[in-house]
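Colleague: Got a structure here, written out as structure tokens. Questions coming.
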Amino acid sequence: MTRISLAGCTPEPMAAYLKSLAVLRLVTDQADPGAKGCWSHEAFCLDSCLDEATLVRFFMDRYRPTPIVAPWNGGSGFYDGDQCGGHRRDPR
């Protein structure tokens with residue numbers, strides 16, 4: 001297990017905190033299911049079987065973005081008439 005300190009992933013502001021959680025989720029979903037994360041000295045640390053170079057290669061070459069639109073849910077939620085939210089028209 002290698003510990004990688006991600007200095008750009010700090011507990012504040014909120015966007016940097018959420019970025020840390022996103023890195024952990026993406027690594028555990030797509031590269032190393034056993035990865036864990038913690039905070040140390042105001043930086044997020046990733047404990048993983050990936051070393052720093054392999055982590056960079058993962059995000060450059062193998063990372064697959066999470067879809068934000070799920071057509072199997074009845075629509076995107078962004079248009080009138082979609083079944084999964086969005087701005088629904090009054091059926092009256």
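How things are named: the first chain in the structure tokens is A, the next is B, and so on; residues count from 1 in each chain; ligands count from 1 in the order shown.
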Skip Leu6 in chain A itself and residues of its chain fewer than 4 positions away, then list as a ChimeraX atom specification all residues within 12 Å of it, counting only C-alpha atoms.
Modeller: /A:10-11,16-17,19-21,23-24,37-47,52,55-56
Colleague: CA of Tyr63 in chain A and CA of Val27 in chain A are how many Å apart?
Modeller: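 Straight-line distance from CA of Tyr63 in chain A to CA of Val27 in chain A works out to 8.7 Å.
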Colleague: Report as a PyMOL selection string: the residues of range 4-86 of chain A with a DSSP assignment of alpha helix (DSSP H), based on the backbone of this structure.
Modeller: chain A and resi 14-30+52-57
Colleague: I need the residue nearest Ala31 in chain A from this list: A:Leu50, A:Leu18, A:Ile68, A:Ala7. Use only C-alpha atoms for the distance.
Modeller: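 Using only C-alpha atoms, the shortest distance to Ala31 in chain A belongs to A:Leu50.
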